[in-house]
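File shown: final.cif. Contents: mmCIF, C-alpha atoms.
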```cif
data_data
#
loop_
_atom_site.label_atom_id
_atom_site.label_comp_id
_atom_site.auth_asym_id
_atom_site.auth_seq_id
_atom_site.Cartn_x
_atom_site.Cartn_y
_atom_site.Cartn_z
CA MET L 1 -35.65 33.19 -186.14
CA ALA L 2 -33.46 30.93 -188.30
CA ILE L 3 -32.08 29.21 -185.18
CA LEU L 4 -35.56 28.63 -183.80
CA VAL L 5 -36.63 27.15 -187.11
CA LYS L 6 -33.67 24.75 -187.25
CA LEU L 7 -34.31 23.58 -183.71
CA THR L 8 -37.96 22.89 -184.36
CA ILE L 9 -37.17 20.96 -187.52
CA SER L 10 -34.53 18.83 -185.88
CA SER L 11 -36.73 17.95 -182.94
CA LEU L 12 -40.06 17.69 -184.81
CA HIS L 13 -41.86 17.78 -181.49
CA ILE L 14 -43.10 21.34 -181.35
CA SER L 15 -46.85 21.53 -181.68
CA LYS L 16 -46.95 25.09 -182.98
CA VAL L 17 -44.21 26.57 -185.12
CA GLN L 18 -43.65 29.80 -186.93
CA VAL L 19 -43.71 29.18 -190.64
CA ASP L 20 -41.07 30.92 -192.71
CA LYS L 21 -39.44 30.24 -196.05
CA GLU L 22 -36.49 28.22 -194.76
CA TRP L 23 -38.79 26.08 -192.64
CA GLN L 24 -41.15 25.45 -195.56
CA VAL L 25 -38.28 24.47 -197.82
CA GLN L 26 -36.86 21.98 -195.33
CA ALA L 27 -40.18 20.35 -194.47
CA THR L 28 -41.16 20.17 -198.13
CA LYS L 29 -37.76 18.68 -199.09
CA LYS L 30 -38.13 15.97 -196.48
CA VAL L 31 -41.40 14.83 -198.02
CA LEU L 32 -40.17 15.22 -201.61
CA ASN L 33 -37.06 13.12 -200.90
CA GLU L 34 -39.33 10.35 -199.71
CA LEU L 35 -41.58 10.74 -202.74
CA GLU L 36 -38.60 10.30 -205.08
CA ARG L 37 -37.80 6.93 -203.55
CA THR L 38 -41.35 5.63 -203.85
CA PRO L 39 -42.99 4.40 -207.06
CA PHE L 40 -46.64 5.37 -207.58
CA LYS L 41 -49.20 3.86 -209.90
CA SER L 42 -51.58 6.80 -209.77
CA THR L 43 -51.94 10.39 -208.60
CA ILE L 44 -54.42 9.28 -205.94
CA GLN L 45 -51.86 6.87 -204.56
CA LYS L 46 -49.28 9.67 -204.46
CA ILE L 47 -51.71 12.02 -202.68
CA ALA L 48 -52.51 9.31 -200.16
CA PHE L 49 -48.80 8.82 -199.53
CA ILE L 50 -48.21 12.55 -198.96
CA ASN L 51 -51.15 12.71 -196.56
CA ASN L 52 -50.02 9.68 -194.63
CA PHE L 53 -46.36 10.73 -194.52
CA VAL L 54 -47.06 14.22 -193.20
CA ASN L 55 -49.57 12.90 -190.66
CA THR L 56 -47.22 10.29 -189.26
CA ARG L 57 -43.81 11.98 -189.51
CA PHE L 58 -44.58 15.52 -188.36
CA GLU L 59 -46.00 16.23 -184.94
CA TYR L 60 -47.44 19.62 -185.70
CA ASP L 61 -50.86 21.18 -185.33
CA ASP L 62 -53.62 21.00 -187.95
CA GLU L 63 -52.73 24.26 -189.70
CA THR L 64 -49.02 23.51 -189.95
CA LYS L 65 -49.58 20.05 -191.41
CA LEU L 66 -51.98 21.53 -193.92
CA ILE L 67 -49.36 24.09 -194.95
CA ILE L 68 -46.71 21.38 -195.43
CA LYS L 69 -49.11 19.39 -197.64
CA TYR L 70 -49.90 22.52 -199.62
CA PHE L 71 -46.24 23.25 -200.40
CA VAL L 72 -45.47 19.61 -201.18
CA LEU L 73 -48.34 19.47 -203.67
CA LEU L 74 -47.24 22.73 -205.30
CA SER L 75 -43.76 21.21 -205.66
CA CYS L 76 -45.39 18.24 -207.40
CA ASP L 77 -46.66 20.56 -210.15
CA VAL L 78 -50.15 20.85 -208.70
CA SER L 79 -51.69 24.20 -209.58
CA GLU L 80 -52.81 26.61 -206.83
CA ASN L 81 -56.36 26.58 -208.16
CA GLN L 82 -56.60 22.82 -207.59
CA LEU L 83 -56.26 23.29 -203.83
CA LYS L 84 -58.93 24.45 -201.41
CA VAL L 85 -59.08 24.78 -197.64
CA PHE L 86 -62.18 23.30 -196.02
CA TYR L 87 -63.37 24.29 -192.58
CA THR L 88 -65.35 21.29 -191.40
CA VAL L 89 -66.91 19.88 -188.27
CA ASN L 90 -65.81 16.42 -187.23
CA ARG L 91 -69.09 14.60 -186.66
CA THR L 92 -67.61 12.06 -184.24
CA MET L 93 -66.01 14.60 -181.91
CA ASN L 94 -68.30 17.51 -182.84
CA SER L 95 -65.23 19.68 -183.10
CA PRO L 96 -63.96 22.15 -185.71
CA HIS L 97 -61.43 20.65 -188.07
CA ILE L 98 -59.50 22.04 -191.04
CA VAL L 99 -58.58 19.93 -194.10
CA LEU L 100 -57.03 20.42 -197.52
CA GLY L 101 -58.95 19.47 -200.67
CA PHE L 102 -57.19 18.55 -203.90
CA PHE L 103 -59.24 18.79 -207.10
CA LEU L 104 -58.03 16.33 -209.68
CA LYS L 105 -58.48 17.69 -213.18
CA ARG L 106 -61.92 16.90 -214.63
CA HIS L 107 -63.28 15.86 -211.22
CA ASN L 108 -65.95 17.82 -209.34
CA GLN L 109 -65.18 16.44 -205.92
CA PRO L 110 -61.86 16.98 -204.20
CA VAL L 111 -59.68 14.34 -202.60
CA ILE L 112 -59.48 15.23 -198.91
CA LEU L 113 -56.12 15.33 -197.14
CA ASP L 114 -57.13 14.95 -193.52
CA ASN L 115 -54.68 15.27 -190.63
CA LEU L 116 -56.81 12.95 -188.51
CA SER L 117 -57.03 10.18 -191.08
CA ASN L 118 -54.30 8.29 -192.89
CA GLU L 119 -56.85 6.98 -195.38
CA THR L 120 -57.57 9.29 -198.30
CA TYR L 121 -61.14 9.68 -199.61
CA ILE L 122 -62.97 11.92 -202.04
CA ALA L 123 -65.21 14.48 -200.34
CA GLY L 124 -68.45 12.55 -200.93
CA GLU L 125 -67.08 9.56 -199.06
CA LYS L 126 -65.91 11.54 -196.03
CA ARG L 127 -68.94 10.84 -193.85
CA ASP L 128 -67.05 11.86 -190.71
CA LEU L 129 -66.77 15.52 -191.77
CA MET L 130 -69.44 18.15 -192.29
CA PRO L 131 -68.27 20.97 -194.57
CA VAL L 132 -68.74 24.51 -193.26
CA PHE L 133 -66.68 26.93 -195.36
CA SER L 134 -64.28 26.46 -198.23
CA PHE L 135 -62.05 28.85 -200.12
CA SER L 136 -58.86 28.84 -202.15
CA ALA L 137 -55.91 27.44 -200.20
CA ASP L 138 -53.73 30.13 -201.74
CA ARG L 139 -55.76 32.82 -199.91
CA TYR L 140 -55.51 30.96 -196.64
CA ILE L 141 -51.76 30.35 -196.89
CA LYS L 142 -50.93 33.91 -197.94
CA ASN L 143 -52.84 35.27 -194.97
CA HIS L 144 -51.24 32.76 -192.61
CA LEU L 145 -47.70 33.56 -193.75
CA LYS L 146 -48.32 37.30 -193.65
CA HIS L 147 -49.41 37.21 -190.02
CA SER L 148 -47.11 34.48 -188.70
CA MET I 1 -77.93 36.13 -171.70
CA ILE I 2 -74.42 37.12 -172.80
CA LYS I 3 -74.07 37.23 -176.56
CA LYS I 4 -70.90 36.44 -178.48
CA LEU I 5 -69.98 39.38 -180.69
CA LEU I 6 -67.29 39.42 -183.37
CA ILE I 7 -65.95 42.82 -184.47
CA ALA I 8 -64.20 42.36 -187.82
CA ASP I 9 -62.54 45.56 -188.96
CA ASP I 10 -58.98 46.30 -190.04
CA ASP I 11 -59.04 49.66 -188.22
CA PRO I 12 -58.04 49.13 -184.56
CA GLU I 13 -59.57 52.48 -183.62
CA ILE I 14 -62.99 51.40 -184.87
CA ARG I 15 -62.71 48.13 -182.94
CA LEU I 16 -61.72 50.01 -179.80
CA LEU I 17 -64.50 52.56 -180.24
CA ILE I 18 -67.12 49.83 -180.60
CA LYS I 19 -65.80 47.97 -177.56
CA LYS I 20 -65.87 51.16 -175.47
CA THR I 21 -69.43 51.83 -176.59
CA LEU I 22 -70.77 48.46 -175.54
CA ASP I 23 -71.72 47.25 -172.13
CA LEU I 24 -69.20 44.46 -171.73
CA SER I 25 -71.45 42.58 -169.36
CA ASP I 26 -73.79 41.97 -172.31
CA TYR I 27 -71.22 40.72 -174.79
CA GLU I 28 -68.31 38.35 -175.04
CA ILE I 29 -66.21 40.13 -177.66
CA TYR I 30 -63.87 38.72 -180.30
CA GLU I 31 -61.88 40.74 -182.81
CA SER I 32 -60.55 40.09 -186.30
CA LYS I 33 -58.61 42.37 -188.59
CA ASN I 34 -59.20 40.72 -191.96
CA GLY I 35 -61.57 38.39 -193.75
CA ILE I 36 -59.70 35.11 -193.34
CA GLU I 37 -59.20 35.81 -189.63
CA ALA I 38 -62.91 36.63 -189.31
CA LEU I 39 -63.87 33.30 -190.90
CA GLY I 40 -61.51 31.49 -188.54
CA THR I 41 -63.10 33.22 -185.55
CA VAL I 42 -66.58 32.40 -186.81
CA PHE I 43 -65.53 28.80 -187.26
CA TYR I 44 -63.84 28.31 -183.89
CA LYS I 45 -65.92 30.65 -181.65
CA LYS I 46 -69.30 30.66 -183.39
CA PRO I 47 -70.40 34.21 -182.50
CA ASP I 48 -74.09 35.21 -182.33
CA VAL I 49 -73.63 38.56 -184.05
CA ILE I 50 -70.90 39.94 -186.33
CA LEU I 51 -70.06 43.56 -187.03
CA LEU I 52 -68.32 43.11 -190.36
CA ASP I 53 -66.45 45.80 -192.25
CA ILE I 54 -66.84 45.43 -196.01
CA MET I 55 -63.53 46.97 -197.06
CA MET I 56 -60.94 44.83 -195.30
CA PRO I 57 -57.46 44.16 -196.71
CA GLY I 58 -56.41 40.72 -197.84
CA PRO I 59 -57.78 38.10 -200.15
CA ILE I 60 -61.34 37.94 -198.74
CA ASP I 61 -63.38 41.10 -198.14
CA GLY I 62 -66.37 41.55 -195.85
CA LEU I 63 -68.93 40.79 -198.55
CA GLU I 64 -67.27 37.46 -199.33
CA VAL I 65 -67.09 36.60 -195.62
CA CYS I 66 -70.79 37.39 -195.30
CA ARG I 67 -71.62 35.30 -198.37
CA LEU I 68 -69.69 32.31 -196.99
CA ILE I 69 -71.32 32.60 -193.56
CA LYS I 70 -74.84 32.95 -194.94
CA SER I 71 -74.46 30.19 -197.51
CA SER I 72 -73.36 27.59 -194.98
CA GLN I 73 -76.12 25.76 -193.15
CA TRP I 74 -73.84 25.62 -190.12
CA SER I 75 -73.54 29.40 -189.79
CA SER I 76 -76.45 30.96 -191.72
CA HIS I 77 -78.30 31.80 -188.49
CA ILE I 78 -75.48 34.11 -187.33
CA ARG I 79 -76.60 37.73 -187.55
CA VAL I 80 -74.35 39.84 -189.76
CA VAL I 81 -74.22 43.65 -189.64
CA LEU I 82 -72.15 45.06 -192.49
CA LEU I 83 -70.16 48.24 -191.84
CA SER I 84 -69.06 50.50 -194.65
CA ALA I 85 -68.00 54.03 -195.37
CA LEU I 86 -69.95 53.75 -198.63
CA SER I 87 -73.67 54.38 -198.64
CA GLY I 88 -74.45 54.13 -202.36
CA VAL I 89 -77.31 52.06 -203.72
CA GLU I 90 -74.87 49.61 -205.29
CA ASN I 91 -73.36 48.83 -201.89
CA LEU I 92 -76.74 48.33 -200.31
CA LYS I 93 -77.66 46.01 -203.17
CA ALA I 94 -74.42 44.09 -202.67
CA ALA I 95 -75.21 43.73 -198.96
CA GLY I 96 -78.63 42.36 -199.87
CA LEU I 97 -77.14 39.92 -202.33
CA VAL I 98 -74.98 38.36 -199.62
CA ASP I 99 -77.97 38.20 -197.23
CA ALA I 100 -76.60 40.61 -194.62
CA ASP I 101 -79.07 41.28 -191.80
CA ALA I 102 -78.27 44.98 -191.38
CA TYR I 103 -76.05 47.70 -192.81
CA LEU I 104 -74.43 50.60 -190.96
CA VAL I 105 -72.74 53.47 -192.76
CA LYS I 106 -69.55 54.82 -191.18
CA PRO I 107 -69.21 57.08 -189.34
CA PHE I 108 -72.25 55.78 -187.49
CA GLN I 109 -73.96 57.31 -184.47
CA ILE I 110 -73.43 55.40 -181.24
CA MET I 111 -77.18 55.18 -180.79
CA SER I 112 -77.57 53.59 -184.25
CA LEU I 113 -74.96 50.98 -183.40
CA LEU I 114 -76.58 50.16 -180.07
CA GLU I 115 -80.06 49.99 -181.60
CA THR I 116 -78.86 47.74 -184.41
CA LEU I 117 -77.06 45.43 -182.02
CA LYS I 118 -80.08 45.31 -179.74
CA THR I 119 -82.33 44.39 -182.66
CA GLU I 120 -79.95 41.75 -184.03
CA SER I 121 -79.30 40.27 -180.58
CA ARG I 122 -83.04 39.83 -180.13
CA CYS I 123 -83.08 37.74 -183.29
CA VAL I 124 -80.47 35.35 -181.92
CA ASN I 125 -81.92 32.01 -180.92
CA PRO I 126 -81.47 31.33 -177.20
#
```

Would you mind writing the file's structure down as structure tokens?
Amino acid sequence: MAILVKLTISSLHISKVQVDKEWQVQATKKVLNELERTPFKSTIQKIAFINNFVNTRFEYDDETKLIIKYFVLLSCDVSENQLKVFYTVNRTMNSPHIVLGFFLKRHNQPVILDNLSNETYIAGEKRDLMPVFSFSADRYIKNHLKHS
Amino acid sequence: MIKKLLIADDDPEIRLLIKKTLDLSDYEIYESKNGIEALGTVFYKKPDVILLDIMMPGPIDGLEVCRLIKSSQWSSHIRVVLLSALSGVENLKAAGLVDADAYLVKPFQIMSLLETLKTESRCVNP
């Protein structure tokens, strides 16, 4: 398993990977290293950077990108209860699409980290997505890791 | 018309029993073994009817899955039959609170299952 993980990380061209602790740590570190080198004026700007970086540097599927973003945000001192998974339908393609929502403190609407968009918007401005279900990202990730 | 049926139960024997009971020419069957998986299947496969066990392991139980399905405009039309080993009034009330369409107490008679599925399938919009 460890060898498989190292190969997938070095190539970064596998669409579906098994997620395990070593893999998470390496992917998260890669993003965090980049974050350290970049100055940010606001949290929103930082979130937008994380979203964009993961979207453009990792060629994984929707779920895997979402998991990377989740662990990066947790490493940035974001609390688990600020993160939600949203099952949505992409209105343009009429296809199911999964995104991560980040609730800034004292804000009702989450900022949406979307694998299909490098622009970051709050939920109310995401006209391209229709929300279907949402629940705590922690629940989603725990289930995913347990069965992967 | 073939109906899409999701069987969400953590017990593989129950899933197998239900599958063996049904006429497979009537149903396209999907299976899930916990709540999160069931939601994923609902989301990606959009079944017509769900047989949903209440007591499933993991972070989301059957009642919560039912509540999420029925509270979303996208999926509220999906017929949900809750399955439970518990028959108490409190459980029936809980099923009503999450807008379940039917409730079967385990162990259920094969005829009850077939009748319930027949009724719920009739309610599915063509």

- [ ] Select residues of chain L: the criterion is any atom within 8 Å of an atom of chain I, counting only C-alpha atoms; output as a PyMOL selection string.
- [x] chain L and resi 87+96+132-133+139-140+143

Task: Within 12 Å of Lys93 of chain I using only C-alpha atoms, minus same-chain residues under 5 positions, as a PyMOL selection string - done: chain I and resi 63+86-88+98-100+102-103

Open item on the list: Please determine, counting all atoms listed in the file, which residue among I:Arg67, I:Lys33, I:Lys20, I:Lys106 has the shortest atom-to-atom distance to Leu6 of chain I.
Closed with: I:Lys33

Open item on the list: Under the PyMOL selection byres ((chain I and resi 51-54) around 9), which residues of this model are included? Write them out as an NGL selection string.
Closed with: :I and (5-10 or 34-35 or 38 or 49-50 or 55-56 or 61-66 or 79-85 or 117)

Open item on the list: I'd like the interatomic distance between atom CA of Ile112 of chain L and atom CA of Asp138 of chain L, to a tenth of an Å.
Closed with: 16.2 Å

Open item on the list: Given only C-alpha atoms as the basis, pick out the residue of I:Lys4, I:His77, I:Arg15, I:Lys46 nearest to Asp101 of chain I.
Closed with: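 Going through I:Lys4, I:His77, I:Arg15, I:Lys46 one by one, the smallest distance to Asp101 of chain I is for I:His77.
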
Open item on the list: I need the output of the PyMOL selection byres ((chain L and resi 66) around 9) for this file as a count of residues only; which residues are they?
Closed with: 18

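Interatomic distance, atom CA of Ala123 of chain L to atom CA of Arg57 of chain L: 24.1 Å.
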
Task: Exercise: Pro110 of chain L partners within 10 Å, all atoms listed in the file, chain neighbours under 4 positions left out, as a PyMOL selection string - done: chain L and resi 82-84+100-105+121-124

Task: Hits of the PyMOL selection byres ((chain L and resi 128) around 8) in this structure, as a PyMOL selection string - done: chain L and resi 90-92+126-127+129-130

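Proximity of I:Val42, I:Ile2, I:Ile78, I:Ile14 to Pro107 of chain I, computed with only C-alpha atoms, is greatest for I:Ile14.
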
Open item on the list: Can you measure atom CA of His97 of chain L to atom CA of Thr41 of chain I for me? One decimal in Å is fine.
Closed with: 12.9 Å

Open item on the list: Just want the 12 Å neighbourhood of Ile110 of chain I, counted on only C-alpha atoms, with same-chain residues fewer than 6 positions away dropped. Output as a list of chain:residue names.
Closed with: I:Ile14, I:Leu17, I:Ile18, I:Lys19, I:Lys20, I:Thr21, I:Leu22, I:Leu104, I:Thr116, I:Leu117

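Candidate residues I:Lys70, I:Pro57, I:Ser76, I:Ile29 were compared for distance to Ala95 of chain I, and the nearest is I:Lys70, using all atoms listed in the file.
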
- [ ] Rank nothing, just name the residue among L:Thr120, L:Ala27, L:Phe86, L:Asn81 nearest to Lys46 of chain L, using all atoms listed in the file.
- [x]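 The answer is L:Thr120, which sits nearest to Lys46 of chain L.
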
Repair of segment 14-41 of chain I at the level of N, CA and C atoms, as a compact mmCIF listing (two decimals), in the frame of the given file:
```txt
# COMPACT_ATOMS: atom_id res chain seq x y z
N ILE I 14 -61.55 51.72 -184.76
CA ILE I 14 -62.99 51.40 -184.87
C ILE I 14 -63.32 50.27 -183.89
N ARG I 15 -62.44 49.27 -183.85
CA ARG I 15 -62.71 48.13 -182.94
C ARG I 15 -62.76 48.61 -181.50
N LEU I 16 -61.79 49.48 -181.16
CA LEU I 16 -61.72 50.01 -179.80
C LEU I 16 -62.96 50.85 -179.48
N LEU I 17 -63.34 51.69 -180.43
CA LEU I 17 -64.50 52.56 -180.24
C LEU I 17 -65.76 51.71 -179.99
N ILE I 18 -65.92 50.68 -180.77
CA ILE I 18 -67.12 49.83 -180.60
C ILE I 18 -67.09 49.15 -179.22
N LYS I 19 -65.91 48.66 -178.86
CA LYS I 19 -65.80 47.97 -177.56
C LYS I 19 -66.13 48.93 -176.42
N LYS I 20 -65.63 50.19 -176.54
CA LYS I 20 -65.87 51.16 -175.47
C LYS I 20 -67.34 51.54 -175.38
N THR I 21 -68.02 51.46 -176.53
CA THR I 21 -69.43 51.83 -176.59
C THR I 21 -70.33 50.80 -175.92
N LEU I 22 -69.89 49.55 -176.00
CA LEU I 22 -70.77 48.46 -175.54
C LEU I 22 -70.65 48.19 -174.05
N ASP I 23 -71.74 47.70 -173.50
CA ASP I 23 -71.72 47.25 -172.13
C ASP I 23 -71.12 45.83 -172.14
N LEU I 24 -69.92 45.73 -171.61
CA LEU I 24 -69.20 44.46 -171.73
C LEU I 24 -69.84 43.32 -170.93
N SER I 25 -70.78 43.67 -170.08
CA SER I 25 -71.45 42.58 -169.36
C SER I 25 -72.50 41.90 -170.25
N ASP I 26 -72.81 42.55 -171.38
CA ASP I 26 -73.79 41.97 -172.31
C ASP I 26 -73.13 41.11 -173.39
N TYR I 27 -71.86 41.37 -173.64
CA TYR I 27 -71.22 40.72 -174.79
C TYR I 27 -69.87 40.09 -174.43
N GLU I 28 -69.65 38.94 -175.05
CA GLU I 28 -68.31 38.35 -175.04
C GLU I 28 -67.74 38.75 -176.41
N ILE I 29 -66.66 39.53 -176.39
CA ILE I 29 -66.21 40.13 -177.66
C ILE I 29 -64.97 39.45 -178.23
N TYR I 30 -65.03 39.21 -179.54
CA TYR I 30 -63.87 38.72 -180.30
C TYR I 30 -63.55 39.75 -181.37
N GLU I 31 -62.28 39.77 -181.78
CA GLU I 31 -61.88 40.74 -182.81
C GLU I 31 -61.13 40.05 -183.94
N SER I 32 -61.32 40.55 -185.15
CA SER I 32 -60.55 40.09 -186.30
C SER I 32 -60.18 41.29 -187.15
N LYS I 33 -59.03 41.21 -187.80
CA LYS I 33 -58.61 42.37 -188.59
C LYS I 33 -58.62 42.14 -190.10
N ASN I 34 -59.02 40.95 -190.52
CA ASN I 34 -59.20 40.72 -191.96
C ASN I 34 -60.20 39.58 -192.17
N GLY I 35 -60.51 39.34 -193.43
CA GLY I 35 -61.57 38.39 -193.75
C GLY I 35 -61.27 36.95 -193.36
N ILE I 36 -60.05 36.50 -193.64
CA ILE I 36 -59.70 35.11 -193.34
C ILE I 36 -59.74 34.90 -191.82
N GLU I 37 -59.20 35.89 -191.09
CA GLU I 37 -59.20 35.81 -189.63
C GLU I 37 -60.64 35.78 -189.12
N ALA I 38 -61.50 36.59 -189.73
CA ALA I 38 -62.91 36.63 -189.31
C ALA I 38 -63.56 35.26 -189.51
N LEU I 39 -63.29 34.63 -190.65
CA LEU I 39 -63.87 33.30 -190.90
C LEU I 39 -63.37 32.28 -189.87
N GLY I 40 -62.09 32.38 -189.55
CA GLY I 40 -61.51 31.49 -188.54
C GLY I 40 -62.19 31.68 -187.20
N THR I 41 -62.44 32.94 -186.83
CA THR I 41 -63.10 33.22 -185.55
C THR I 41 -64.54 32.72 -185.56
```
